[in-house]
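Participant: So that you have it, the file is upload22.cif, and it contains mmCIF, C-alpha atoms:
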data_input
loop_
_atom_site.label_atom_id
_atom_site.label_comp_id
_atom_site.auth_asym_id
_atom_site.auth_seq_id
_atom_site.Cartn_x
_atom_site.Cartn_y
_atom_site.Cartn_z
CA MET A 113 16.91 2.91 -21.60
CA PRO A 114 13.71 0.95 -20.81
CA GLN A 115 10.52 2.97 -21.14
CA PRO A 116 8.35 3.64 -18.05
CA LEU A 117 5.32 1.37 -18.05
CA ALA A 118 2.92 4.09 -16.95
CA MET A 119 3.47 6.33 -19.99
CA PRO A 120 0.57 6.57 -22.46
CA THR A 121 1.37 5.23 -25.92
CA ALA A 122 0.20 5.79 -29.46
CA ALA A 123 -0.67 2.08 -29.65
CA ALA A 124 -3.10 2.50 -26.78
CA ALA A 125 -4.78 5.42 -28.56
CA ALA A 126 -5.04 3.42 -31.77
CA MET A 127 -6.61 0.51 -29.90
CA MET A 128 -9.21 2.83 -28.40
CA SER A 129 -10.01 4.15 -31.87
CA SER A 130 -10.34 0.68 -33.41
CA ASN A 131 -12.79 -0.35 -30.68
CA ASN A 132 -14.84 2.80 -31.11
CA MET A 133 -13.82 3.89 -27.63
CA ALA A 134 -13.75 7.62 -27.04
CA PRO A 135 -10.84 9.03 -25.04
CA PRO A 136 -11.71 10.51 -21.63
CA LEU A 137 -13.22 13.95 -21.94
CA SER A 138 -11.96 16.95 -20.02
CA MET A 139 -13.21 20.40 -19.17
CA ASN A 140 -12.45 22.97 -21.85
CA ASN A 141 -13.72 26.26 -23.21
CA ASN A 142 -16.53 24.45 -25.04
CA ASN A 143 -17.96 23.32 -21.67
CA MET A 144 -17.47 19.63 -22.47
CA MET A 145 -18.24 17.61 -19.37
CA MET A 146 -15.80 15.08 -17.91
CA PRO A 147 -17.43 11.62 -17.44
CA MET A 148 -18.17 10.80 -13.78
CA SER A 149 -15.75 7.82 -13.68
CA ALA A 150 -12.91 10.00 -14.97
CA LEU A 151 -13.84 12.73 -12.51
CA LEU A 152 -13.59 10.29 -9.59
CA LEU A 153 -10.18 9.12 -10.75
CA ASP A 154 -8.93 12.69 -10.90
CA THR A 155 -9.61 13.46 -7.22
CA LYS A 156 -6.73 14.68 -5.13
CA ILE A 157 -6.15 11.37 -3.32
CA ASN A 158 -5.59 9.65 -6.66
CA ARG A 159 -3.08 12.32 -7.67
CA GLU A 160 -1.07 11.88 -4.47
CA LEU A 161 1.88 9.58 -3.94
CA PHE A 162 3.57 8.33 -0.79
CA VAL A 163 7.34 8.88 -0.53
CA GLY A 164 9.07 6.79 2.11
CA ASN A 165 12.66 6.60 3.41
CA VAL A 166 12.96 10.40 3.30
CA PRO A 167 16.08 11.47 5.26
CA PRO A 168 15.16 13.42 8.43
CA GLY A 169 15.32 17.18 7.99
CA THR A 170 14.59 17.14 4.27
CA SER A 171 12.69 20.27 3.29
CA GLU A 172 9.54 20.12 1.19
CA ALA A 173 11.03 22.50 -1.37
CA LEU A 174 14.17 20.40 -1.79
CA LEU A 175 12.23 17.16 -2.24
CA MET A 176 9.89 18.73 -4.80
CA GLN A 177 12.78 20.27 -6.74
CA PHE A 178 14.67 16.96 -6.78
CA LEU A 179 11.73 14.80 -7.91
CA ASN A 180 10.54 17.30 -10.53
CA GLY A 181 14.06 17.49 -11.93
CA ALA A 182 14.33 13.70 -12.03
CA MET A 183 11.05 13.39 -13.96
CA ARG A 184 12.18 15.99 -16.51
CA ARG A 185 15.61 14.39 -16.85
CA VAL A 186 14.33 10.94 -17.90
CA GLY A 187 11.35 12.09 -19.94
CA LEU A 188 8.54 11.34 -17.51
CA CYS A 189 7.28 14.84 -18.29
CA SER A 190 8.11 17.62 -20.74
CA PRO A 191 11.37 19.56 -20.20
CA ASP A 192 9.60 22.67 -18.93
CA ALA A 193 6.89 20.96 -16.84
CA THR A 194 6.50 20.98 -13.05
CA PRO A 195 4.36 17.88 -12.42
CA ILE A 196 4.70 17.90 -8.61
CA ILE A 197 2.74 20.89 -7.32
CA ASN A 198 2.66 20.25 -3.58
CA CYS A 199 4.58 18.36 -0.90
CA ARG A 200 4.18 17.77 2.82
CA THR A 201 6.78 15.99 4.91
CA ASN A 202 6.38 14.12 8.19
CA ALA A 203 9.39 12.56 9.94
CA LYS A 204 10.74 9.91 7.55
CA PHE A 205 8.06 10.06 4.86
CA ALA A 206 6.21 12.55 2.70
CA PHE A 207 3.22 12.92 0.41
CA VAL A 208 3.50 14.65 -2.95
CA GLU A 209 0.60 15.92 -5.05
CA LEU A 210 0.84 15.73 -8.84
CA SER A 211 -0.91 18.08 -11.24
CA SER A 212 -2.80 15.26 -12.95
CA LEU A 213 -3.58 11.57 -12.63
CA GLU A 214 -1.35 10.85 -15.63
CA ASP A 215 1.59 12.61 -13.94
CA ALA A 216 0.99 10.54 -10.79
CA ASN A 217 1.03 7.33 -12.85
CA ARG A 218 4.32 8.31 -14.45
CA ALA A 219 5.87 9.40 -11.15
CA LEU A 220 5.47 5.86 -9.83
CA ASN A 221 8.59 5.10 -11.88
CA LEU A 222 10.60 7.19 -9.38
CA ASN A 223 10.33 4.28 -6.92
CA GLY A 224 13.84 3.47 -5.68
CA ILE A 225 15.53 6.69 -6.78
CA PRO A 226 18.65 7.47 -4.66
CA PHE A 227 18.36 10.65 -2.59
CA LEU A 228 20.86 11.86 0.05
CA GLY A 229 22.06 8.35 0.83
CA ALA A 230 18.59 6.78 0.88
CA SER A 231 16.51 4.88 -1.65
CA LEU A 232 13.11 6.59 -1.82
CA ARG A 233 10.01 4.40 -1.68
CA VAL A 234 7.45 5.91 -4.06
CA SER A 235 4.00 4.31 -4.17
CA ARG A 236 0.28 4.89 -3.85
CA PRO A 237 -1.03 5.89 -0.40
CA SER A 238 -3.31 3.47 1.47
CA LYS A 239 -6.41 5.54 0.61
CA TYR A 240 -5.85 5.27 -3.14
CA ALA A 241 -9.13 4.17 -4.80
CA GLY A 242 -8.09 3.89 -8.45
CA PRO A 243 -6.95 0.91 -10.54
CA TYR A 244 -3.50 -0.63 -10.41
CA VAL A 245 -1.06 1.04 -12.83
CA PRO A 246 2.07 -0.94 -13.82
CA SER A 247 5.36 0.83 -13.24
CA GLN A 248 9.07 0.19 -12.95
CA THR A 249 11.64 0.94 -10.31
CA TRP A 250 14.09 3.76 -10.96
CA GLN A 251 16.84 1.19 -11.54
CA GLN A 252 14.76 -0.68 -14.12
CA LEU A 253 13.81 2.55 -15.86
CA THR A 254 17.28 4.06 -16.10
CA GLY A 255 19.47 0.97 -16.09
CA GLN A 256 21.55 2.52 -13.32
CA PRO A 257 22.49 0.18 -10.44
CA LEU A 258 21.73 1.09 -6.86
CA PRO A 259 24.75 2.71 -5.16
CA PRO A 260 26.69 0.33 -2.87
CA GLY A 261 25.35 0.03 0.66
CA MET A 262 21.83 1.17 -0.19
CA VAL A 263 18.87 -1.16 0.34
CA PRO A 264 16.57 -1.67 -2.67
CA VAL A 265 12.87 -0.89 -2.26
CA PRO A 266 10.02 -3.31 -3.08
CA GLU A 267 8.40 -3.03 -6.48
CA ASN A 268 4.86 -1.65 -6.74
CA THR A 269 2.59 -4.67 -7.21
CA PRO A 270 -1.19 -5.04 -7.62
CA GLY A 271 -3.38 -5.93 -4.64
CA ALA A 272 -1.01 -4.40 -2.11
CA GLN A 273 -1.64 -1.72 0.49
CA LEU A 274 1.09 0.74 1.40
CA LEU A 275 1.96 1.14 5.08
CA LEU A 276 3.65 4.17 6.58
CA GLY A 277 7.36 3.45 6.51
CA GLY A 278 7.26 1.90 3.04
CA GLY A 279 6.07 -1.65 3.73
CA THR A 280 3.35 -3.34 1.72
CA ALA A 281 0.78 -5.88 2.78
CA SER A 282 -2.09 -7.66 1.10
CA THR A 283 -5.55 -6.36 1.94
CA ASN A 284 -7.04 -9.89 1.96
CA PRO A 285 -8.16 -10.61 5.58
CA GLU A 286 -7.56 -14.37 5.29
CA GLU A 287 -4.09 -13.81 3.89
CA LYS A 288 -3.35 -11.28 6.63
CA LEU A 289 -4.19 -13.86 9.30
CA GLN A 290 -1.48 -16.10 7.85
CA ARG A 291 1.01 -13.26 8.30
CA GLU A 292 0.16 -12.58 11.97
CA LEU A 293 1.89 -14.18 14.93
CA PHE A 294 1.22 -14.23 18.67
CA VAL A 295 4.04 -13.14 21.00
CA GLY A 296 3.63 -14.18 24.63
CA ASN A 297 5.53 -13.48 27.88
CA THR A 298 6.00 -9.79 27.09
CA THR A 299 6.72 -7.44 29.98
CA PRO A 300 5.30 -3.94 30.65
CA GLU A 301 8.45 -2.13 29.53
CA MET A 302 8.31 -3.71 26.07
CA THR A 303 6.77 -1.17 23.71
CA GLU A 304 5.42 -1.90 20.25
CA ALA A 305 8.38 -0.15 18.62
CA MET A 306 10.89 -2.06 20.77
CA LEU A 307 9.36 -5.45 19.94
CA ARG A 308 9.12 -4.68 16.25
CA ASP A 309 12.74 -3.53 16.07
CA PHE A 310 14.12 -6.36 18.20
CA LEU A 311 12.30 -9.25 16.52
CA GLY A 312 12.74 -7.81 13.03
CA ARG A 313 16.45 -7.29 13.55
CA ALA A 314 16.88 -10.80 14.93
CA MET A 315 15.26 -12.23 11.80
CA GLU A 316 17.48 -10.15 9.52
CA GLN A 317 20.64 -11.15 11.34
CA VAL A 318 20.17 -14.91 11.13
CA GLY A 319 18.73 -15.07 7.62
CA LEU A 320 15.00 -15.53 8.29
CA THR A 321 13.93 -12.75 5.89
CA THR A 322 13.13 -12.92 2.18
CA LEU A 323 13.45 -9.18 1.41
CA PRO A 324 15.69 -6.38 2.66
CA GLY A 325 14.56 -4.36 5.67
CA ASN A 326 12.51 -5.09 8.77
CA PRO A 327 10.03 -7.90 7.91
CA ILE A 328 7.62 -6.87 10.70
CA LEU A 329 5.12 -4.32 9.41
CA ALA A 330 3.15 -3.72 12.59
CA CYS A 331 2.98 -4.67 16.27
CA ARG A 332 0.25 -4.20 18.86
CA VAL A 333 0.77 -4.90 22.56
CA SER A 334 -2.00 -5.97 24.93
CA GLY A 335 -0.93 -6.67 28.51
CA LYS A 336 1.41 -9.66 28.69
CA PHE A 337 1.20 -10.54 25.02
CA ALA A 338 1.40 -8.94 21.58
CA PHE A 339 0.60 -9.58 17.94
CA VAL A 340 3.01 -8.88 15.10
CA GLU A 341 2.20 -8.66 11.38
CA LEU A 342 4.82 -9.90 8.93
CA ARG A 343 4.98 -8.65 5.34
CA THR A 344 4.81 -12.14 3.75
CA LYS A 345 3.44 -15.56 4.66
CA GLU A 346 6.90 -17.06 4.15
CA GLU A 347 8.50 -14.68 6.64
CA ALA A 348 5.71 -15.37 9.13
CA ALA A 349 6.49 -19.08 8.89
CA ASN A 350 10.20 -18.39 9.33
CA ALA A 351 9.51 -16.12 12.33
CA LEU A 352 8.08 -19.09 14.23
CA ASN A 353 11.71 -20.05 14.76
CA LEU A 354 12.06 -17.06 17.11
CA ASN A 355 10.15 -19.00 19.78
CA ASN A 356 11.93 -18.79 23.17
CA ILE A 357 14.15 -15.88 22.12
CA PRO A 358 15.35 -14.02 25.25
CA TYR A 359 14.56 -10.33 25.54
CA LEU A 360 14.84 -8.01 28.57
CA GLY A 361 14.96 -10.90 31.01
CA ALA A 362 12.02 -12.81 29.50
CA GLN A 363 11.74 -15.65 27.01
CA LEU A 364 9.25 -14.68 24.35
CA ARG A 365 6.78 -17.29 23.14
CA VAL A 366 6.16 -16.96 19.42
CA GLY A 367 3.39 -18.91 17.71
CA ARG A 368 0.27 -18.78 15.59
CA PRO A 369 -2.75 -16.86 16.95
CA SER A 370 -5.84 -18.81 18.04
CA LYS A 371 -7.79 -17.66 14.96
CA TYR A 372 -5.28 -19.25 12.60
CA THR A 373 -6.89 -22.07 10.59
CA GLY A 374 -4.13 -22.80 8.09
CA PRO A 375 -1.89 -25.86 7.93
CA GLU A 376 0.51 -26.59 10.74
CA THR A 377 3.95 -25.14 10.09
CA PRO A 378 6.89 -27.29 11.31
CA HIS A 379 9.57 -25.13 12.93
CA GLY A 380 12.36 -25.06 15.47
CA ASN A 381 13.07 -22.47 18.15
CA TRP A 382 15.62 -19.73 18.81
CA GLU A 383 18.14 -22.09 20.44
CA ASP A 384 18.17 -24.24 17.31
CA ILE A 385 18.55 -21.26 14.99
CA LEU A 386 21.33 -19.76 17.10
CA ALA A 387 23.24 -23.03 17.26
CA LYS A 388 22.95 -23.57 13.52
CA PHE A 389 24.00 -20.00 12.76
CA MET A 390 27.01 -20.03 15.07
CA SER A 391 28.17 -23.35 13.62
CA GLY A 392 27.89 -22.02 10.07
CA GLU A 393 25.12 -24.40 9.03
CA LEU A 394 22.59 -21.59 8.67
CA GLN A 395 23.32 -19.05 5.93
CA LEU A 396 22.33 -15.45 5.51
CA GLN A 397 20.46 -14.65 2.30
CA ASN A 398 21.43 -10.98 1.95
CA VAL A 399 25.14 -10.90 2.62
CA GLY A 400 26.70 -7.70 1.30
CA GLY A 401 23.59 -5.58 1.53
CA GLY A 402 21.94 -6.91 -1.63
CA ALA A 403 18.43 -8.15 -1.99
CA ALA A 404 17.71 -11.37 -0.16
CA ALA A 405 17.12 -14.53 -2.10
CA PRO A 406 13.73 -16.22 -1.69
CA ALA A 407 13.59 -18.21 1.50
CA GLY A 408 13.39 -21.94 1.49
CA PRO A 409 11.01 -23.84 3.78
CA ALA A 410 10.86 -22.98 7.44
CA VAL A 411 12.98 -25.00 9.84
CA THR A 412 11.40 -28.44 9.88
CA THR A 413 12.30 -29.93 13.25
CA ALA A 414 13.36 -28.60 16.59
CA SER A 415 16.41 -30.82 16.75
CA ALA A 416 17.67 -30.46 13.20
CA PRO A 417 16.70 -27.19 11.52
CA THR A 418 17.47 -26.98 7.84
CA SER A 419 19.16 -24.07 6.13
CA ILE A 420 16.82 -21.17 5.49
CA SER A 421 18.70 -20.08 2.40
CA SER A 422 17.97 -21.55 -0.99
CA SER A 423 20.44 -19.33 -2.80
CA PRO A 424 23.54 -21.23 -4.00
CA THR A 425 25.55 -18.02 -3.79
CA ALA A 426 24.69 -17.13 -0.21
CA GLY A 427 27.77 -17.35 1.98
CA VAL A 428 28.21 -17.98 5.67
CA VAL A 429 28.94 -14.77 7.56
CA ALA A 430 32.46 -14.84 9.00
CA ASN A 431 31.54 -12.88 12.12
CA PRO A 432 28.31 -13.15 14.12
CA PRO A 433 25.95 -10.19 13.57
CA GLN A 434 25.66 -7.51 16.21
CA GLN A 435 22.62 -8.93 18.01
CA LEU A 436 24.38 -12.26 18.51
CA GLN A 437 27.51 -10.50 19.73
CA GLN A 438 25.43 -8.54 22.21
CA GLN A 439 24.05 -11.76 23.65
CA GLN A 440 27.62 -12.89 24.34
CA GLN A 441 28.57 -9.54 25.90
CA GLN A 442 28.22 -8.79 29.60
CA PRO A 443 25.47 -6.15 29.85
CA THR A 444 26.64 -2.92 31.51
CA THR A 445 25.25 0.56 32.11
CA VAL A 446 27.45 2.09 29.37
CA VAL A 447 26.63 2.02 25.66
CA GLU A 448 29.05 2.72 22.81
CA LEU A 449 27.66 4.04 19.51
CA LYS A 450 29.73 3.71 16.36
CA GLN A 451 29.28 4.91 12.76
CA MET A 452 27.20 7.95 13.77
CA LEU A 453 29.79 10.69 13.34
CA THR A 454 32.69 11.69 11.14
CA LEU A 455 35.74 13.75 12.06
CA GLU A 456 34.25 16.65 10.09
CA ASP A 457 31.25 16.65 12.44
CA LEU A 458 33.55 17.33 15.38
CA THR A 459 35.57 20.25 14.04
CA ASP A 460 33.00 23.05 14.36
CA ASP A 461 32.21 24.02 17.98
CA ALA A 462 28.60 25.04 17.26
CA GLU A 463 27.87 21.90 15.29
CA TYR A 464 29.47 19.78 18.02
CA GLU A 465 27.21 21.33 20.68
CA ASP A 466 24.15 20.75 18.50
CA ILE A 467 25.07 17.09 18.05
CA LEU A 468 25.64 16.74 21.80
CA GLU A 469 22.25 18.21 22.71
CA ASP A 470 20.35 16.36 19.99
CA THR A 471 21.89 13.04 21.03
CA ARG A 472 21.19 13.73 24.72
CA GLU A 473 17.54 14.47 23.99
CA GLU A 474 17.07 11.40 21.79
CA CYS A 475 18.91 8.92 24.02
CA ALA A 476 17.22 10.11 27.22
CA SER A 477 14.00 8.60 25.85
CA PHE A 478 15.32 5.08 26.53
CA GLY A 479 15.88 5.59 30.27
CA THR A 480 17.70 7.70 32.84
CA LEU A 481 20.77 9.05 31.06
CA LYS A 482 23.49 9.98 33.57
CA ASN A 483 26.22 11.09 31.20
CA ILE A 484 27.08 11.44 27.52
CA ILE A 485 30.61 11.71 26.17
CA ILE A 486 31.56 12.47 22.55
CA PRO A 487 35.38 12.52 22.29
CA ARG A 488 36.72 14.93 19.68
CA SER A 489 40.16 13.33 19.44
CA GLY A 490 42.02 10.17 20.35
CA PRO A 491 40.78 6.55 20.01
CA GLY A 492 37.22 7.56 20.92
CA ALA A 493 36.83 10.17 18.18
CA THR A 494 33.64 9.70 16.08
CA LYS A 495 32.16 7.47 18.84
CA ILE A 496 29.42 8.35 21.32
CA PHE A 497 29.33 6.94 24.86
CA LEU A 498 26.13 6.86 26.91
CA GLU A 499 26.04 6.10 30.63
CA TYR A 500 22.65 5.02 31.97
CA LEU A 501 21.38 4.53 35.49
CA THR A 502 20.54 0.85 35.01
CA VAL A 503 21.55 -2.05 32.78
CA GLU A 504 17.91 -2.26 31.61
CA ASP A 505 18.05 1.35 30.41
CA ALA A 506 21.24 0.62 28.50
CA GLY A 507 19.66 -2.47 26.94
CA SER A 508 16.67 -0.42 25.81
CA ALA A 509 19.02 2.09 24.18
CA ILE A 510 20.89 -0.65 22.31
CA ASN A 511 17.66 -2.21 21.04
CA GLY A 512 16.34 1.18 20.00
CA LEU A 513 19.49 2.54 18.34
CA ALA A 514 21.31 -0.42 16.78
CA GLY A 515 20.73 -0.66 13.06
CA ARG A 516 19.45 2.88 12.59
CA THR A 517 20.92 4.92 9.78
CA PHE A 518 22.58 8.28 10.41
CA GLY A 519 23.90 10.25 7.48
CA GLY A 520 23.68 7.12 5.34
CA ARG A 521 25.69 5.06 7.85
CA LYS A 522 24.31 2.12 9.83
CA VAL A 523 24.70 2.72 13.56
CA GLU A 524 26.35 0.05 15.71
CA ALA A 525 25.37 0.00 19.40
CA VAL A 526 27.21 -2.23 21.92
CA TYR A 527 27.85 -2.42 25.65
CA PHE A 528 31.07 -0.78 26.86
CA ASP A 529 33.32 -1.53 29.84
CA PRO A 530 32.25 0.84 32.68
CA VAL A 531 35.75 0.73 34.23
CA LYS A 532 37.35 1.92 31.00
CA PHE A 533 34.65 4.56 30.69
CA ALA A 534 35.33 5.83 34.22
CA ASN A 535 39.05 6.01 33.39
CA GLN A 536 38.30 7.89 30.14
CA ASP A 537 39.78 5.03 28.13
CA TYR A 538 37.64 4.97 25.01
CA SER A 539 39.64 2.42 23.04
CA ASP A 540 37.99 -0.84 21.88
#
Could I get this structure in the form of structure tokens?

Facilitator:
Amino acid sequence: MPQPLAMPTAAAAAMMSSNNMAPPLSMNNNNMMMPMSALLLDTKINRELFVGNVPPGTSEALLMQFLNGAMRRVGLCSPDATPIINCRTNAKFAFVELSSLEDANRALNLNGIPFLGASLRVSRPSKYAGPYVPSQTWQQLTGQPLPPGMVPVPENTPGAQLLLGGGTASTNPEEKLQRELFVGNTTPEMTEAMLRDFLGRAMEQVGLTTLPGNPILACRVSGKFAFVELRTKEEAANALNLNNIPYLGAQLRVGRPSKYTGPETPHGNWEDILAKFMSGELQLQNVGGGAAAPAGPAVTTASAPTSISSSPTAGVVANPPQQLQQQQQQPTTVVELKQMLTLEDLTDDAEYEDILEDTREECASFGTLKNIIIPRSGPGATKIFLEYLTVEDAGSAINGLAGRTFGGRKVEAVYFDPVKFANQDYSD
């Protein structure tokens, strides 16, 4: 088993001794004073870690028990130690406090550990003020592969700032400007979350990403335009090919912001990308749920875009991804959700009512929800059907729900025939 990089070693102690370097002092019964630099490093913020991708509903006690047990199991702490002393959860992420700076350094090696169907993102919080400490992912440390269907997390690298949700971005302002794009022709109903989800999902589905997950870290809307921040310069260049992508009745204009002073980036537009993808000339880089291969150059001309994939093993997807299928569908007021439920979820009456009410409350946030049907038997079992007042409301629900994970399953959201829905025919 590879050793965690953050563990102190005897060689390091010997090196300190040979260079006449004294080890950091600590408070003890002899009233020895800790040096000021060491004291600053031992502040609470430097003993805290960010934990992303936490499944909703996870209790603080459960997360602490799991992570402490994992550290003991692989030797990141002594068998009887409890290095994590505090935890606070918030929606899909949490912060854990370690008992010492050394424990926090070692706990970085938990990054990527599987937990309740998710791969936890463990890293420093954005306010961390200490030096970079090398670490491994859980898979590198233990030699255990990631379970099938789970998305790997990014490695902890120097010079990166952690964003809520698990993304990382360089703190260099000039580099950040190369990762920002202008999005024009937005409409008032387009929220920051909707734009981020829609554009990010479009990039994932036609192979414009270089890493797993949504490549858009942040979005800010201002009137009839917006700015989006990509996680890498390469993905920002690839995202220029989203220019003219249709969304909620508008064609979005995607380009560099006026402050951009870098080299001109040749690119195509959404029509080119779509045509190339549908013809099989454009290849996905992360087929099968694995990590994406590094992207090649952005599309070079509007009339003849080149393949985005540079991986010789990347294959052409046999069926168009969901977003492309939705564009070929006739929009209706009825939405069908798949992969959210199992037959076991439908057997208990109390649990069924809870699911019904929770889904009603969540899906009403996208528009006026007229009706919700969750069949417990027949061809519609395990599916959820939502009837909205308008087609626009249904479209907002699809953009907001498609691609989410529920119980470790990726949700599929598509339009459904309103005539079949009215006749209680829930077959595909």

Participant: Can you tell me, as a list in words, which residues sit within 7 Å of (6.9, -16.4, 21.1) in the file's frame, using all atoms listed in the file?

Facilitator: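 Those within range, by chain then number, are Phe294, Val295, Gly296, Leu354, Asn355, Asn356, Leu364, Arg365, Val366 and Gly367 of chain A.
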
Participant: Keeping only C-alpha atoms, write those residues as a PDB file, in the frame of the given file.

Facilitator:
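part_2.pdb, freshly written:
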ATOM      1  CA  PHE A 294       1.220 -14.230  18.670  1.00  0.00           C
ATOM      2  CA  VAL A 295       4.040 -13.140  21.000  1.00  0.00           C
ATOM      3  CA  GLY A 296       3.630 -14.180  24.630  1.00  0.00           C
ATOM      4  CA  LEU A 354      12.060 -17.060  17.110  1.00  0.00           C
ATOM      5  CA  ASN A 355      10.150 -19.000  19.780  1.00  0.00           C
ATOM      6  CA  ASN A 356      11.930 -18.790  23.170  1.00  0.00           C
ATOM      7  CA  LEU A 364       9.250 -14.680  24.350  1.00  0.00           C
ATOM      8  CA  ARG A 365       6.780 -17.290  23.140  1.00  0.00           C
ATOM      9  CA  VAL A 366       6.160 -16.960  19.420  1.00  0.00           C
ATOM     10  CA  GLY A 367       3.390 -18.910  17.710  1.00  0.00           C
TER      11      GLY A 367
END

Participant: Can you give me, as a list in words, the residues this file yields under the PyMOL selection byres ((chain A and resi 486-501) around 6)?

Facilitator: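 On this input, the PyMOL selection byres ((chain A and resi 486-501) around 6) captures Thr445, Val446, Val447, Glu448, Leu449, Lys450, Leu453, Thr454, Leu458, Thr480, Leu481, Lys482, Asn483, Ile484, Ile485, Thr502, Ala506, Tyr538 and Ser539 of chain A.
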
Participant: Apply the PyMOL selection byres ((chain A and resi 221) around 12) to the file shown and report the selected residues as a PyMOL selection string.

Facilitator: chain A and resi 114-119+161+179+182-183+186-189+215-220+222-225+232-236+245-254+267-268

Participant: Which residues are close to stretch 198-214 of chain A, i.e. within 10 Å by only C-alpha atoms, leaving aside same-chain residues fewer than 3 positions away? Reply as a short mmCIF file (atom, residue, chain, number, x, y, z; two decimals) with C-alpha atoms, in the coordinates of the input.

Facilitator:
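Result file follows (result.cif):
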data_model
loop_
_atom_site.label_atom_id
_atom_site.label_comp_id
_atom_site.auth_asym_id
_atom_site.auth_seq_id
_atom_site.Cartn_x
_atom_site.Cartn_y
_atom_site.Cartn_z
CA ALA A 118 2.92 4.09 -16.95
CA MET A 119 3.47 6.33 -19.99
CA PRO A 120 0.57 6.57 -22.46
CA ALA A 150 -12.91 10.00 -14.97
CA LEU A 153 -10.18 9.12 -10.75
CA ASP A 154 -8.93 12.69 -10.90
CA THR A 155 -9.61 13.46 -7.22
CA LYS A 156 -6.73 14.68 -5.13
CA ILE A 157 -6.15 11.37 -3.32
CA ASN A 158 -5.59 9.65 -6.66
CA ARG A 159 -3.08 12.32 -7.67
CA GLU A 160 -1.07 11.88 -4.47
CA LEU A 161 1.88 9.58 -3.94
CA PHE A 162 3.57 8.33 -0.79
CA VAL A 163 7.34 8.88 -0.53
CA GLY A 164 9.07 6.79 2.11
CA ASN A 165 12.66 6.60 3.41
CA VAL A 166 12.96 10.40 3.30
CA PRO A 167 16.08 11.47 5.26
CA PRO A 168 15.16 13.42 8.43
CA GLY A 169 15.32 17.18 7.99
CA THR A 170 14.59 17.14 4.27
CA SER A 171 12.69 20.27 3.29
CA GLU A 172 9.54 20.12 1.19
CA ALA A 173 11.03 22.50 -1.37
CA LEU A 174 14.17 20.40 -1.79
CA LEU A 175 12.23 17.16 -2.24
CA MET A 176 9.89 18.73 -4.80
CA LEU A 179 11.73 14.80 -7.91
CA ASN A 180 10.54 17.30 -10.53
CA CYS A 189 7.28 14.84 -18.29
CA THR A 194 6.50 20.98 -13.05
CA PRO A 195 4.36 17.88 -12.42
CA ASN A 217 1.03 7.33 -12.85
CA ARG A 218 4.32 8.31 -14.45
CA ALA A 219 5.87 9.40 -11.15
CA LEU A 232 13.11 6.59 -1.82
CA ARG A 233 10.01 4.40 -1.68
CA VAL A 234 7.45 5.91 -4.06
CA SER A 235 4.00 4.31 -4.17
CA ARG A 236 0.28 4.89 -3.85
CA PRO A 237 -1.03 5.89 -0.40
CA GLY A 242 -8.09 3.89 -8.45
CA LEU A 276 3.65 4.17 6.58
CA GLY A 277 7.36 3.45 6.51
CA GLY A 278 7.26 1.90 3.04
#

Participant: Between atom CA of A:Pro358 and atom CA of A:Ser370, measure the distance and give it in Å to one decimal.

Facilitator: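 Between these atoms lies a distance of 22.9 Å.
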
Participant: Write out as JSON, numbers by chain each polymer residue whose atoms come within 8 Å of A:Pro530, counting only C-alpha atoms; drop sequence neighbours fewer than 2 positions from it.

Facilitator: {"A": [444, 445, 446, 528, 532, 533, 534]}

Participant: To one decimal place in Å, what is the distance between atom CA of A:Pro266 and atom CA of A:Lys371?

Facilitator: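 About the pair atom CA of A:Pro266 and atom CA of A:Lys371: they are 29.1 Å apart.
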
Participant: Using Å and a single decimal, report how far atom CA of A:Ile385 sits from atom CA of A:Glu304.

Facilitator: 24.0 Å

Participant: For A:Ala514, which of A:Pro369, A:Gly229, A:Gly312, A:Gly335 is the closest residue, counting all atoms listed in the file?

Facilitator: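 Smallest separation from A:Ala514 among the options: A:Gly312.
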